[in-house]
Each structure stands twice: as structure tokens, then as C-alpha cells.
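Chemist: Structure file my_file-v1.pdb (PDB, C-alpha atoms and all ligand atoms) is given on the next line.
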```
ATOM      1  CA  MET O 543     -15.425  -4.061  16.003
ATOM      2  CA  PRO O 544     -12.103  -3.058  14.388
ATOM      3  CA  ILE O 545     -11.359  -4.540  10.953
ATOM      4  CA  PRO O 546      -8.621  -7.177  11.205
ATOM      5  CA  ILE O 547      -5.922  -6.517   8.582
ATOM      6  CA  VAL O 548      -2.547  -7.721   7.436
ATOM      7  CA  LEU O 549      -0.528  -4.837   5.977
ATOM      8  CA  ASP O 550       2.027  -5.708   3.294
ATOM      9  CA  CYS O 551       4.454  -2.851   2.564
ATOM     10  CA  ASP O 552       7.843  -1.720   1.223
ATOM     11  CA  PRO O 553       8.740   1.547   3.054
ATOM     12  CA  GLY O 554       9.115   3.804   1.125
ATOM     13  CA  THR O 555       8.283   7.389   1.955
ATOM     14  CA  ASP O 556       4.532   7.108   1.356
ATOM     15  CA  ASP O 557       4.453   3.656   2.966
ATOM     16  CA  ALA O 558       5.707   5.325   6.149
ATOM     17  CA  PHE O 559       2.518   7.440   6.300
ATOM     18  CA  ALA O 560       0.396   4.363   5.589
ATOM     19  CA  VAL O 561       2.009   2.235   8.299
ATOM     20  CA  LEU O 562       1.587   4.970  10.906
ATOM     21  CA  LEU O 563      -1.970   5.786   9.809
ATOM     22  CA  ALA O 564      -2.915   2.127  10.226
ATOM     23  CA  LEU O 565      -1.259   1.873  13.638
ATOM     24  CA  ALA O 566      -2.935   5.090  14.822
ATOM     25  CA  SER O 567      -6.470   4.101  13.814
ATOM     26  CA  PRO O 568      -8.787   2.237  16.196
ATOM     27  CA  GLU O 569     -10.986   1.186  13.261
ATOM     28  CA  LEU O 570      -8.209  -1.258  12.311
ATOM     29  CA  ASP O 571      -6.716  -4.211  14.139
ATOM     30  CA  VAL O 572      -3.290  -4.655  12.508
ATOM     31  CA  LEU O 573      -2.567  -8.344  13.051
ATOM     32  CA  ALA O 574       0.799  -8.294  11.280
ATOM     33  CA  ILE O 575       2.922  -6.198   8.994
ATOM     34  CA  THR O 576       4.652  -8.108   6.219
ATOM     35  CA  VAL O 577       7.449  -6.618   4.164
ATOM     36  CA  ALA O 578       8.642  -7.056   0.596
ATOM     37  CA  GLY O 579      11.432  -5.446  -1.360
ATOM     38  CA  GLY O 580      10.270  -2.824  -3.825
ATOM     39  CA  ASN O 581      10.993   0.847  -3.405
ATOM     40  CA  VAL O 582      14.433  -0.217  -2.170
ATOM     41  CA  GLY O 583      15.898  -3.609  -1.306
ATOM     42  CA  LEU O 584      14.324  -5.871   1.305
ATOM     43  CA  ASP O 585      17.154  -5.281   3.790
ATOM     44  CA  ARG O 586      16.182  -1.588   3.883
ATOM     45  CA  THR O 587      12.379  -1.943   3.640
ATOM     46  CA  LEU O 588      12.470  -4.395   6.543
ATOM     47  CA  ALA O 589      14.687  -2.183   8.712
ATOM     48  CA  ASN O 590      12.487   0.802   7.869
ATOM     49  CA  THR O 591       9.297  -1.024   8.851
ATOM     50  CA  LEU O 592      10.803  -2.155  12.140
ATOM     51  CA  ALA O 593      12.002   1.380  12.859
ATOM     52  CA  LEU O 594       8.578   2.867  12.079
ATOM     53  CA  THR O 595       6.749   0.429  14.342
ATOM     54  CA  ARG O 596       9.200   1.112  17.141
ATOM     55  CA  LEU O 597       8.810   4.876  16.628
ATOM     56  CA  ALA O 598       5.052   4.393  17.010
ATOM     57  CA  GLY O 599       5.533   2.307  20.163
ATOM     58  CA  SER O 600       3.713  -0.581  18.484
ATOM     59  CA  GLN O 601       4.096  -4.265  19.330
ATOM     60  CA  VAL O 602       2.645  -5.446  15.993
ATOM     61  CA  PRO O 603       4.810  -8.276  14.623
ATOM     62  CA  VAL O 604       6.843  -7.451  11.507
ATOM     63  CA  HIS O 605       7.605 -10.339   9.125
ATOM     64  CA  LYS O 606      10.319 -10.516   6.503
ATOM     65  CA  GLY O 607       9.043 -11.410   3.051
ATOM     66  CA  ALA O 608      10.090 -11.585  -0.572
ATOM     67  CA  ASP O 609      13.299 -10.033  -1.834
ATOM     68  CA  ARG O 610      12.222 -10.630  -5.428
ATOM     69  CA  PRO O 611       9.019 -11.052  -7.405
ATOM     70  CA  ILE O 612       7.715 -14.396  -8.623
ATOM     71  CA  LEU O 613       9.721 -13.811 -11.836
ATOM     72  CA  GLY O 614      12.888 -11.741 -12.190
ATOM     73  CA  ALA O 615      13.963  -9.008  -9.802
ATOM     74  CA  PHE O 616      12.361  -5.935  -8.231
ATOM     75  CA  PHE O 617      13.017  -2.555  -9.837
ATOM     76  CA  ASN O 618      13.808  -0.072  -7.083
ATOM     77  CA  GLU O 619      12.938   3.637  -6.982
ATOM     78  CA  PRO O 620      15.745   5.355  -5.010
ATOM     79  CA  ARG O 621      15.248   8.617  -6.928
ATOM     80  CA  VAL O 622      11.911   9.090  -5.150
ATOM     81  CA  HIS O 623      12.512   7.323  -1.840
ATOM     82  CA  GLY O 624      16.265   7.860  -1.343
ATOM     83  CA  ILE O 625      18.803   5.060  -1.278
ATOM     84  CA  ASP O 626      17.657   4.059   2.237
ATOM     85  CA  GLY O 627      13.949   4.256   1.341
ATOM     86  CA  LEU O 628      13.126   7.047   3.796
ATOM     87  CA  GLY O 629      14.861   9.990   2.149
ATOM     88  CA  GLY O 630      17.938   9.714   4.350
ATOM     89  CA  ILE O 631      15.981  10.582   7.529
ATOM     90  CA  ALA O 632      17.584   8.426  10.213
ATOM     91  CA  LEU O 633      15.247   6.528  12.561
ATOM     92  CA  PRO O 634      16.194   4.679  15.753
ATOM     93  CA  ASP O 635      16.961   1.000  15.209
ATOM     94  CA  GLY O 636      13.803  -1.093  15.291
ATOM     95  CA  GLY O 637      15.290  -4.430  16.328
ATOM     96  CA  ALA O 638      14.693  -7.814  14.733
ATOM     97  CA  PRO O 639      11.709  -9.113  12.777
ATOM     98  CA  HIS O 640       9.429 -11.908  13.961
ATOM     99  CA  PRO O 641      11.098 -15.242  13.070
ATOM    100  CA  GLU O 642       8.144 -16.405  10.959
ATOM    101  CA  LEU O 643       8.396 -15.465   7.285
ATOM    102  CA  ALA O 644       5.713 -13.289   5.686
ATOM    103  CA  ALA O 645       3.816 -15.841   3.599
ATOM    104  CA  ASP O 646       3.778 -18.300   6.522
ATOM    105  CA  ALA O 647       2.414 -15.609   8.833
ATOM    106  CA  ILE O 648      -0.302 -14.614   6.345
ATOM    107  CA  ARG O 649      -1.412 -18.237   5.967
ATOM    108  CA  ARG O 650      -1.414 -18.817   9.726
ATOM    109  CA  ILE O 651      -3.492 -15.700  10.322
ATOM    110  CA  LEU O 652      -6.001 -16.636   7.611
ATOM    111  CA  ARG O 653      -6.219 -20.197   8.935
ATOM    112  CA  THR O 654      -6.825 -19.214  12.533
ATOM    113  CA  SER O 655      -8.678 -15.888  12.456
ATOM    114  CA  PRO O 656     -12.237 -16.237  13.756
ATOM    115  CA  GLU O 657     -13.353 -13.549  11.332
ATOM    116  CA  PRO O 658     -12.355 -12.804   7.731
ATOM    117  CA  VAL O 659      -9.171 -10.778   7.390
ATOM    118  CA  THR O 660      -8.580  -7.865   5.014
ATOM    119  CA  LEU O 661      -5.288  -8.029   3.149
ATOM    120  CA  VAL O 662      -3.852  -4.593   2.424
ATOM    121  CA  GLY O 663      -1.061  -4.379  -0.161
ATOM    122  CA  ILE O 664       0.910  -1.192  -0.714
ATOM    123  CA  ALA O 665       3.942  -2.841  -2.316
ATOM    124  CA  PRO O 666       4.540  -5.447  -5.011
ATOM    125  CA  VAL O 667       2.073  -8.107  -3.824
ATOM    126  CA  THR O 668       4.475 -11.051  -3.895
ATOM    127  CA  ASN O 669       3.972 -11.982  -0.226
ATOM    128  CA  LEU O 670       0.171 -12.003  -0.498
ATOM    129  CA  ALA O 671       0.256 -14.070  -3.681
ATOM    130  CA  LEU O 672       2.745 -16.583  -2.270
ATOM    131  CA  ALA O 673       0.464 -17.141   0.720
ATOM    132  CA  LEU O 674      -2.635 -17.693  -1.419
ATOM    133  CA  THR O 675      -0.867 -19.776  -4.074
ATOM    134  CA  THR O 676       0.457 -22.243  -1.533
ATOM    135  CA  GLU O 677      -2.907 -22.650   0.260
ATOM    136  CA  PRO O 678      -5.648 -21.332  -2.064
ATOM    137  CA  ALA O 679      -8.524 -22.469   0.177
ATOM    138  CA  LEU O 680      -7.517 -19.764   2.655
ATOM    139  CA  ALA O 681      -9.002 -17.173   0.284
ATOM    140  CA  ALA O 682     -12.335 -18.131   1.879
ATOM    141  CA  ASN O 683     -11.204 -16.278   5.018
ATOM    142  CA  VAL O 684     -10.167 -13.126   3.130
ATOM    143  CA  ALA O 685     -12.699 -10.318   3.552
ATOM    144  CA  SER O 686     -11.234  -8.229   0.746
ATOM    145  CA  ILE O 687      -7.893  -7.260  -0.734
ATOM    146  CA  VAL O 688      -7.187  -3.524  -0.742
ATOM    147  CA  LEU O 689      -4.287  -2.421  -2.920
ATOM    148  CA  MET O 690      -2.440   0.690  -3.889
ATOM    149  CA  SER O 691      -1.745  -0.580  -7.364
ATOM    150  CA  GLY O 692      -2.391   0.019 -11.008
ATOM    151  CA  ALA O 693      -3.863   2.750 -13.134
ATOM    152  CA  TRP O 694      -6.818   2.897 -15.480
ATOM    153  CA  ALA O 695      -4.819   5.123 -17.862
ATOM    154  CA  GLU O 696      -1.055   5.685 -17.939
ATOM    155  CA  GLY O 697       1.567   4.342 -15.562
ATOM    156  CA  ASN O 698       4.299   5.971 -13.492
ATOM    157  CA  ALA O 699       7.030   3.326 -13.777
ATOM    158  CA  THR O 700       6.520   2.850 -17.527
ATOM    159  CA  PRO O 701       4.070   4.528 -19.902
ATOM    160  CA  ALA O 702       1.781   1.534 -19.311
ATOM    161  CA  ALA O 703       2.373   0.373 -15.760
ATOM    162  CA  GLU O 704       2.180   1.578 -12.193
ATOM    163  CA  PHE O 705       5.197   0.701 -10.019
ATOM    164  CA  ASN O 706       3.656  -1.924  -7.708
ATOM    165  CA  ALA O 707       1.804  -3.670 -10.544
ATOM    166  CA  LEU O 708       4.905  -3.703 -12.735
ATOM    167  CA  ASN O 709       7.040  -5.065  -9.923
ATOM    168  CA  ASP O 710       5.109  -8.320  -9.693
ATOM    169  CA  PRO O 711       2.302  -8.611 -12.240
ATOM    170  CA  GLU O 712       2.136 -12.392 -11.830
ATOM    171  CA  ALA O 713       1.427 -11.916  -8.127
ATOM    172  CA  LEU O 714      -1.241  -9.344  -8.893
ATOM    173  CA  SER O 715      -2.877 -11.753 -11.344
ATOM    174  CA  VAL O 716      -3.015 -14.386  -8.573
ATOM    175  CA  LEU O 717      -4.932 -11.970  -6.352
ATOM    176  CA  LEU O 718      -7.301 -10.995  -9.167
ATOM    177  CA  ALA O 719      -8.098 -14.661  -9.744
ATOM    178  CA  CYS O 720      -8.436 -15.714  -6.097
ATOM    179  CA  GLY O 721     -12.186 -15.175  -5.924
ATOM    180  CA  ARG O 722     -12.161 -12.371  -3.375
ATOM    181  CA  PRO O 723     -12.822  -8.712  -4.268
ATOM    182  CA  VAL O 724      -9.786  -6.566  -5.001
ATOM    183  CA  VAL O 725     -10.037  -2.845  -4.270
ATOM    184  CA  PHE O 726      -7.743  -0.613  -6.338
ATOM    185  CA  ALA O 727      -6.403   2.732  -5.175
ATOM    186  CA  THR O 728      -4.892   3.585  -8.557
ATOM    187  CA  LEU O 729      -2.625   6.403  -9.677
ATOM    188  CA  GLU O 730      -5.700   8.376 -10.760
ATOM    189  CA  LEU O 731      -7.052   8.144  -7.224
ATOM    190  CA  THR O 732      -3.765   8.973  -5.505
ATOM    191  CA  ALA O 733      -3.315  11.994  -7.804
ATOM    192  CA  GLN O 734      -6.099  13.478  -5.643
ATOM    193  CA  ALA O 735      -3.902  13.096  -2.516
ATOM    194  CA  LEU O 736      -1.156  15.563  -3.374
ATOM    195  CA  ALA O 737       1.223  16.530  -0.588
ATOM    196  CA  THR O 738       1.369  20.221  -1.432
ATOM    197  CA  PRO O 739       3.630  22.516   0.631
ATOM    198  CA  GLU O 740       0.475  23.986   2.224
ATOM    199  CA  ARG O 741      -0.841  20.576   3.271
ATOM    200  CA  LEU O 742       2.562  19.528   4.643
ATOM    201  CA  ALA O 743       2.792  22.754   6.621
ATOM    202  CA  ALA O 744      -0.694  22.128   8.025
ATOM    203  CA  LEU O 745       0.327  18.607   9.028
ATOM    204  CA  ARG O 746       3.413  19.904  10.832
ATOM    205  CA  ALA O 747       1.385  22.606  12.531
ATOM    206  CA  ARG O 748      -0.676  19.954  14.309
ATOM    207  CA  GLY O 749       2.332  19.416  16.554
ATOM    208  CA  GLY O 750       1.891  15.823  17.533
ATOM    209  CA  GLY O 751       4.935  13.808  18.502
ATOM    210  CA  ARG O 752       8.019  12.385  16.838
ATOM    211  CA  CYS O 753       5.985  10.210  14.421
ATOM    212  CA  LEU O 754       4.166  13.083  12.753
ATOM    213  CA  GLN O 755       7.236  15.277  12.592
ATOM    214  CA  THR O 756       9.381  12.413  11.240
ATOM    215  CA  VAL O 757       7.038  11.557   8.367
ATOM    216  CA  CYS O 758       6.844  15.251   7.490
ATOM    217  CA  ASP O 759      10.662  15.332   7.415
ATOM    218  CA  ILE O 760      10.630  12.225   5.217
ATOM    219  CA  GLN O 761       8.033  13.670   2.834
ATOM    220  CA  ALA O 762      10.036  16.895   2.506
ATOM    221  CA  THR O 763      12.819  14.867   0.837
ATOM    222  CA  VAL O 764      10.577  13.579  -1.980
ATOM    223  CA  PRO O 765      11.552  15.268  -5.233
ATOM    224  CA  ARG O 766       9.138  17.210  -7.404
ATOM    225  CA  SER O 767       6.860  15.057  -9.512
ATOM    226  CA  ARG O 768       7.212  15.278 -13.289
ATOM    227  CA  ARG O 769       3.577  14.219 -13.732
ATOM    228  CA  LEU O 770       1.819  16.247 -11.083
ATOM    229  CA  PRO O 771       2.020  19.626  -9.316
ATOM    230  CA  ALA O 772       3.065  17.952  -6.019
ATOM    231  CA  PRO O 773       4.030  14.404  -4.960
ATOM    232  CA  PRO O 774       1.057  12.108  -4.276
ATOM    233  CA  LEU O 775       0.737  10.278  -0.970
ATOM    234  CA  HIS O 776      -0.195   7.023  -2.673
ATOM    235  CA  ASP O 777      -0.185   4.351   0.001
ATOM    236  CA  PRO O 778      -2.175   5.923   2.861
ATOM    237  CA  CYS O 779      -5.120   6.180   0.437
ATOM    238  CA  ALA O 780      -5.573   2.400   0.725
ATOM    239  CA  ILE O 781      -5.673   2.655   4.516
ATOM    240  CA  ALA O 782      -8.024   5.650   4.475
ATOM    241  CA  TRP O 783     -10.526   3.649   2.394
ATOM    242  CA  LEU O 784     -10.880   1.216   5.296
ATOM    243  CA  ILE O 785     -11.070   3.914   7.946
ATOM    244  CA  GLN O 786     -13.293   6.505   6.286
ATOM    245  CA  PRO O 787     -14.871   5.212   3.049
ATOM    246  CA  SER O 788     -17.135   8.282   2.903
ATOM    247  CA  LEU O 789     -14.098  10.202   1.580
ATOM    248  CA  PHE O 790     -14.264   8.152  -1.634
ATOM    249  CA  THR O 791     -16.497   7.245  -4.526
ATOM    250  CA  ALA O 792     -16.044   3.817  -6.054
ATOM    251  CA  ARG O 793     -17.421   1.459  -8.668
ATOM    252  CA  THR O 794     -17.285  -2.297  -9.115
ATOM    253  CA  CYS O 795     -15.831  -3.645 -12.333
ATOM    254  CA  SER O 796     -13.571  -6.306 -13.781
ATOM    255  CA  ALA O 797      -9.794  -5.971 -13.859
ATOM    256  CA  ARG O 798      -6.869  -7.830 -15.366
ATOM    257  CA  VAL O 799      -3.130  -7.263 -15.512
ATOM    258  CA  ASP O 800      -0.911  -7.615 -18.585
ATOM    259  CA  LEU O 801       1.684 -10.370 -18.083
ATOM    260  CA  GLY O 802       3.321 -10.035 -21.487
ATOM    261  CA  PRO O 803       7.021  -9.281 -21.777
ATOM    262  CA  GLY O 804       6.762  -6.036 -23.776
ATOM    263  CA  ILE O 805       6.062  -2.392 -23.072
ATOM    264  CA  GLY O 806       2.574  -3.221 -21.799
ATOM    265  CA  ARG O 807       3.825  -5.488 -18.986
ATOM    266  CA  GLY O 808       2.141  -4.632 -15.684
ATOM    267  CA  ARG O 809      -0.618  -2.538 -17.271
ATOM    268  CA  THR O 810      -3.879  -2.935 -15.366
ATOM    269  CA  ALA O 811      -6.939  -3.119 -17.611
ATOM    270  CA  ILE O 812      -9.574  -1.740 -15.236
ATOM    271  CA  ASP O 813     -12.847  -2.039 -17.108
ATOM    272  CA  ARG O 814     -14.755   0.887 -15.605
ATOM    273  CA  TRP O 815     -17.359   0.870 -18.383
ATOM    274  CA  ASN O 816     -17.839  -2.916 -18.572
ATOM    275  CA  ARG O 817     -16.618  -3.190 -22.147
ATOM    276  CA  THR O 818     -15.431  -6.782 -21.667
ATOM    277  CA  GLY O 819     -18.514  -8.149 -19.930
ATOM    278  CA  ASP O 820     -16.128 -10.095 -17.678
ATOM    279  CA  PRO O 821     -17.338 -11.042 -14.179
ATOM    280  CA  PHE O 822     -16.646  -8.266 -11.681
ATOM    281  CA  ASN O 823     -13.607  -9.040  -9.509
ATOM    282  CA  ALA O 824     -12.642  -5.525  -8.435
ATOM    283  CA  THR O 825     -13.696  -2.207  -6.973
ATOM    284  CA  VAL O 826     -11.934   0.855  -8.311
ATOM    285  CA  LEU O 827     -11.745   3.926  -6.094
ATOM    286  CA  GLU O 828     -12.444   6.872  -8.363
ATOM    287  CA  THR O 829     -12.618  10.098  -6.386
ATOM    288  CA  LEU O 830     -11.156  11.240  -3.088
ATOM    289  CA  ASP O 831     -11.918  14.254  -0.903
ATOM    290  CA  GLY O 832      -8.270  15.324  -0.726
ATOM    291  CA  ASP O 833      -8.678  17.892   2.048
ATOM    292  CA  GLY O 834     -10.708  15.415   4.107
ATOM    293  CA  PHE O 835      -7.988  12.822   3.563
ATOM    294  CA  PHE O 836      -5.269  15.165   4.853
ATOM    295  CA  ASP O 837      -7.451  16.098   7.838
ATOM    296  CA  LEU O 838      -7.814  12.422   8.688
ATOM    297  CA  LEU O 839      -4.086  11.850   8.267
ATOM    298  CA  GLY O 840      -3.171  14.775  10.517
ATOM    299  CA  GLU O 841      -5.725  13.955  13.169
ATOM    300  CA  ARG O 842      -4.562  10.328  13.365
ATOM    301  CA  LEU O 843      -0.792  10.824  13.130
ATOM    302  CA  ALA O 844      -0.980  13.479  15.844
ATOM    303  CA  ARG O 845      -2.263  10.768  18.217
ATOM    304  CA  LEU O 846       1.019   8.844  17.966
ATOM    305  CA  PRO O 847       4.051   9.413  20.208
TER     306      PRO O 847
HETATM  307  C1  LIG H 901       3.580   2.973  -5.418
HETATM  308  O1  LIG H 901       4.922   2.688  -5.753
HETATM  309  C2  LIG H 901       5.774   2.993  -4.670
HETATM  310  O2  LIG H 901       6.878   3.734  -5.117
HETATM  311  C3  LIG H 901       4.936   3.725  -3.655
HETATM  312  O3  LIG H 901       5.352   3.379  -2.346
HETATM  313  C4  LIG H 901       3.549   3.249  -3.933
HETATM  314  O4  LIG H 901       3.281   2.040  -3.232
HETATM  315  C5  LIG H 901       3.095   4.112  -6.300
HETATM  316  O5  LIG H 901       3.168   3.768  -7.643
HETATM  317 CA    CA H 902       4.662   1.299  -1.354
END
```
Would you write the structure of this file as C-alpha cells?

Modeler:
Amino acid sequence: MPIPIVLDCDPGTDDAFAVLLALASPELDVLAITVAGGNVGLDRTLANTLALTRLAGSQVPVHKGADRPILGAFFNEPRVHGIDGLGGIALPDGGAPHPELAADAIRRILRTSPEPVTLVGIAPVTNLALALTTEPALAANVASIVLMSGAWAEGNATPAAEFNALNDPEALSVLLACGRPVVFATLELTAQALATPERLAALRARGGGRCLQTVCDIQATVPRSRRLPAPPLHDPCAIAWLIQPSLFTARTCSARVDLGPGIGRGRTAIDRWNRTGDPFNATVLETLDGDGFFDLLGERLARLP
């Protein structure tokens, strides 16, 4: 039986790979895609999600979500994702979103699904937290929460914080306290999914259709990383965990997020060595077979139109 998921995203160059990987994979039943602002403003992330689903020929409903975090405003990252969020690569118009707003759709799905639903967050997790804050009992129908978020060491948006965690730490703290396990694909994990020129060339060489070639065009616009030898494909790691967990090693642990106003805001304290003795509320993905991950990505994206 495919795993029922709701995918919450903010495309975003690496989100584009994640959305298409999810849509291309029979192991997953994508019940809805919900969209937040983040990498760029909500107007763009929403249009990008709609365009990507149309490119894939998918009928999955796309729901408009939060244009700001629970507190303050989203920081955007146009230097990495381009001012339009997809590196300036034009996609055909994807039409209009479903009329139901994201948090309403997430609650409805959790209320009515006959089996527990996995919530996948590859953006600031405002939409997921709003849904669970307004009807906390629905957490009982959450199978798990799989996030690209956080870091056990240094951040990428600040010295302390990873971009998605920094962009709504209050929302992340809601998920960590909801009673369901949270799986973290952190920066340390995604640093093992580097889109090197050789791997991008191998992806292109698979042929495939417009989807595969378009995401390769999008990825080619991502600037060099200051931290790493090549840009990481962060977000599809969260999807790959659900499709092929044998690519990963993982450990259970406790995790918290720093909500203070200073330089540590958004830092995730992922207690891999159980120093706190806190109850375990998380699984941290630690290692990834990078070549296996890119094989999976290529094989799946080549199935799309
Ligand atoms: C995360 O931040 C965004 O820029 C990416 O899409 C990814 O979700 C990486 O820190
Ligand atoms: Ca993202």
C-alpha cells in the first residue's frame, strides 16, 4: 500500500526535485501539496508549485498556505533560488490553486483519512503547525512528520540555524511537541546529496521528458556553495527517506529548537548522544548513500512526462 502523505513546500530549486520525486513514486500517495512562502514570496512559491504539478501531468490538489511565519516575516533566499524561485527557468502556467486553504486541507485530510497520514515538510513548517495547533487531537492520525530542517552543528542561514528552522522556529516547536515522531533530514545529511556537475550530467543523460530536463535546467542556475564543493539537493532527501529508507542510517533521539531572539534563534539542538536524557521525539537521518540517492532520483524523474 502506498504511504499517504501531505507535502508542504516552498519551491525553490531543490523543492522542485522533491515535488517531482514524490509525484513520480508509486510508494507514495500524495493526497495534497500545501505551499508556504519561504525561499521566495508565497505568490511565487504557489505559482511554481502549480506549474510543477501541471508539468508532471498531476491532478494532486495544491493549496495556498502561509505568507508569513507565526511571528514576524519570512526571510527569502533569492540569491540561491533566483527572484522567481526557480532560477529564472520559465514554466507553463499551472492554473489556480484549490480553493481550500492549506491548514484547512491538512486538518480535513487528517480528520477523514482511514489510515494515518505522513506529513512531509520541506519549507518553514507554518502550515503544518497551524493545522495541528487549531485541532491538536488530529495528531493521533499523523503517522510521522518528515522534515528537511535543522542541523546538529552549524546552520546555513545563520551560524546557528538552518533556513527552514530559522524561518518559523515556533512552528517547528509545535511539531516537536505534538507527540508524533519527527524525522530530520538535516544539513549534515543533505551535504551527502551534492549535485556535482558529474551527477547532473548523468541525470540529464537519462533522457526522460520535460520534467527531468527542466529540473536539471533549474539546478544549473544554483550558484556555487560557499560551504560545500557543490550545491546540496536538500529537499528530495526527505522524500527519498520514505521511498527507499535503505539508503540511510538513522538514530532516534530528542530534539528542541531555540526560540530566543538572539543569534541562536532557530538552532536545532539534536541530542544524538542523549546528553539531556529528554524523552525521544525525533529520528535524525545521519548518513546517505549519495550515489544511490541520485540513481533513485534519475530513475524516478525519467518516468515523468
Ligand atoms: C532548505 O532551505 C531552502 O532554501 C531549501 O529549499 C531547503 O528546504 C535548506 O536549508
Ligand atoms: Ca524548501

Chemist: Under the PyMOL selection byres (((chain O and resi 634) around 10) and not hetatm), which residues of this model are included? Write them out as a list in words.

Modeler: Ala589, Asn590, Leu592, Ala593, Leu594, Arg596, Leu597, Ala632, Leu633, Asp635, Gly636 and Gly637 of chain O

Chemist: Kindly save the residues from that selection, with C-alpha atoms included, as a PDB file, keeping the file's coordinate frame.

Modeler:
```
ATOM      1  CA  ALA O 589      14.687  -2.183   8.712  1.00  0.00           C
ATOM      2  CA  ASN O 590      12.487   0.802   7.869  1.00  0.00           C
ATOM      3  CA  LEU O 592      10.803  -2.155  12.140  1.00  0.00           C
ATOM      4  CA  ALA O 593      12.002   1.380  12.859  1.00  0.00           C
ATOM      5  CA  LEU O 594       8.578   2.867  12.079  1.00  0.00           C
ATOM      6  CA  ARG O 596       9.200   1.112  17.141  1.00  0.00           C
ATOM      7  CA  LEU O 597       8.810   4.876  16.628  1.00  0.00           C
ATOM      8  CA  ALA O 632      17.584   8.426  10.213  1.00  0.00           C
ATOM      9  CA  LEU O 633      15.247   6.528  12.561  1.00  0.00           C
ATOM     10  CA  ASP O 635      16.961   1.000  15.209  1.00  0.00           C
ATOM     11  CA  GLY O 636      13.803  -1.093  15.291  1.00  0.00           C
ATOM     12  CA  GLY O 637      15.290  -4.430  16.328  1.00  0.00           C
TER      13      GLY O 637
END
```

Chemist: Find the distance between CA of Ser686 in chain O and CA of Pro723 in chain O and write it in Å to one decimal.

Modeler: 5.3 Å

Chemist: Counting all atoms listed in the file, which residues in range 596-616 of chain O sit no more than 12 Å from range 792-808 of chain O? For each one, give the nearest pair of atoms and the distance in Å, sorted by chain then residue number, as CSV.

Modeler:
```
residue,atom,partner,partner_atom,distance
O:Ile612,CA,O:Leu801,CA,11.9
O:Leu613,CA,O:Leu801,CA,10.7
O:Gly614,CA,O:Pro803,CA,11.5
```

Chemist: Could you jot down the CA of Leu570 in chain O to CA of Val582 in chain O separation for me, Å, one decimal place?

Modeler: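 Calculated distance between CA of Leu570 in chain O and CA of Val582 in chain O is 26.9 Å.
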
Chemist: Kindly give the distance, in Å, that separates CA of Glu828 in chain O and atom C2 of ligand LIG 901 (chain H), rounded to a single decimal.

Modeler: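 These two atoms are separated by 19.0 Å.
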
Chemist: Around all listed atoms of ligand LIG 901 (chain H), padded 6 Å per side, what centre and edge lengths does the axis-aligned box have in Å to one decimal, as JSON?

Modeler:
```
{"center_x": 5.0, "center_y": 3.1, "center_z": -5.0, "size_x": 15.8, "size_y": 14.1, "size_z": 17.3}
```

Chemist: Given a cut-off of 12 Å, what residues near ligand CA 902 (chain H) show up using all atoms listed in the file, put as a PDB file with C-alpha atoms, in the frame of the given file?

Modeler:
```pdb
ATOM      1  CA  LEU O 549      -0.528  -4.837   5.977  1.00  0.00           C
ATOM      2  CA  ASP O 550       2.027  -5.708   3.294  1.00  0.00           C
ATOM      3  CA  CYS O 551       4.454  -2.851   2.564  1.00  0.00           C
ATOM      4  CA  ASP O 552       7.843  -1.720   1.223  1.00  0.00           C
ATOM      5  CA  PRO O 553       8.740   1.547   3.054  1.00  0.00           C
ATOM      6  CA  GLY O 554       9.115   3.804   1.125  1.00  0.00           C
ATOM      7  CA  THR O 555       8.283   7.389   1.955  1.00  0.00           C
ATOM      8  CA  ASP O 556       4.532   7.108   1.356  1.00  0.00           C
ATOM      9  CA  ASP O 557       4.453   3.656   2.966  1.00  0.00           C
ATOM     10  CA  ALA O 558       5.707   5.325   6.149  1.00  0.00           C
ATOM     11  CA  PHE O 559       2.518   7.440   6.300  1.00  0.00           C
ATOM     12  CA  ALA O 560       0.396   4.363   5.589  1.00  0.00           C
ATOM     13  CA  VAL O 561       2.009   2.235   8.299  1.00  0.00           C
ATOM     14  CA  VAL O 577       7.449  -6.618   4.164  1.00  0.00           C
ATOM     15  CA  ALA O 578       8.642  -7.056   0.596  1.00  0.00           C
ATOM     16  CA  GLY O 579      11.432  -5.446  -1.360  1.00  0.00           C
ATOM     17  CA  GLY O 580      10.270  -2.824  -3.825  1.00  0.00           C
ATOM     18  CA  ASN O 581      10.993   0.847  -3.405  1.00  0.00           C
ATOM     19  CA  VAL O 582      14.433  -0.217  -2.170  1.00  0.00           C
ATOM     20  CA  THR O 587      12.379  -1.943   3.640  1.00  0.00           C
ATOM     21  CA  THR O 591       9.297  -1.024   8.851  1.00  0.00           C
ATOM     22  CA  ASN O 618      13.808  -0.072  -7.083  1.00  0.00           C
ATOM     23  CA  GLU O 619      12.938   3.637  -6.982  1.00  0.00           C
ATOM     24  CA  VAL O 622      11.911   9.090  -5.150  1.00  0.00           C
ATOM     25  CA  HIS O 623      12.512   7.323  -1.840  1.00  0.00           C
ATOM     26  CA  GLY O 627      13.949   4.256   1.341  1.00  0.00           C
ATOM     27  CA  LEU O 628      13.126   7.047   3.796  1.00  0.00           C
ATOM     28  CA  VAL O 662      -3.852  -4.593   2.424  1.00  0.00           C
ATOM     29  CA  GLY O 663      -1.061  -4.379  -0.161  1.00  0.00           C
ATOM     30  CA  ILE O 664       0.910  -1.192  -0.714  1.00  0.00           C
ATOM     31  CA  ALA O 665       3.942  -2.841  -2.316  1.00  0.00           C
ATOM     32  CA  PRO O 666       4.540  -5.447  -5.011  1.00  0.00           C
ATOM     33  CA  VAL O 667       2.073  -8.107  -3.824  1.00  0.00           C
ATOM     34  CA  LEU O 689      -4.287  -2.421  -2.920  1.00  0.00           C
ATOM     35  CA  MET O 690      -2.440   0.690  -3.889  1.00  0.00           C
ATOM     36  CA  SER O 691      -1.745  -0.580  -7.364  1.00  0.00           C
ATOM     37  CA  GLU O 704       2.180   1.578 -12.193  1.00  0.00           C
ATOM     38  CA  PHE O 705       5.197   0.701 -10.019  1.00  0.00           C
ATOM     39  CA  ASN O 706       3.656  -1.924  -7.708  1.00  0.00           C
ATOM     40  CA  ALA O 707       1.804  -3.670 -10.544  1.00  0.00           C
ATOM     41  CA  ASN O 709       7.040  -5.065  -9.923  1.00  0.00           C
ATOM     42  CA  ALA O 727      -6.403   2.732  -5.175  1.00  0.00           C
ATOM     43  CA  PRO O 774       1.057  12.108  -4.276  1.00  0.00           C
ATOM     44  CA  LEU O 775       0.737  10.278  -0.970  1.00  0.00           C
ATOM     45  CA  HIS O 776      -0.195   7.023  -2.673  1.00  0.00           C
ATOM     46  CA  ASP O 777      -0.185   4.351   0.001  1.00  0.00           C
ATOM     47  CA  PRO O 778      -2.175   5.923   2.861  1.00  0.00           C
ATOM     48  CA  CYS O 779      -5.120   6.180   0.437  1.00  0.00           C
ATOM     49  CA  ALA O 780      -5.573   2.400   0.725  1.00  0.00           C
ATOM     50  CA  ILE O 781      -5.673   2.655   4.516  1.00  0.00           C
TER      51      ILE O 781
END
```

Chemist: Which residues match the PyMOL selection byres (((chain O and resi 835) around 9) and not hetatm) in the file above, as a ChimeraX atom specification?

Modeler: /O:735,779,782,786,789,830-834,836-840

Chemist: Which residues are close to range 679-683 of chain O, i.e. within 7 Å by all atoms listed in the file, leaving aside same-chain residues fewer than 6 positions away? Reply as a list in words.

Modeler: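 My reading of the contact set: Leu652, Arg653, Pro658, Val659, Cys720 and Arg722 of chain O.
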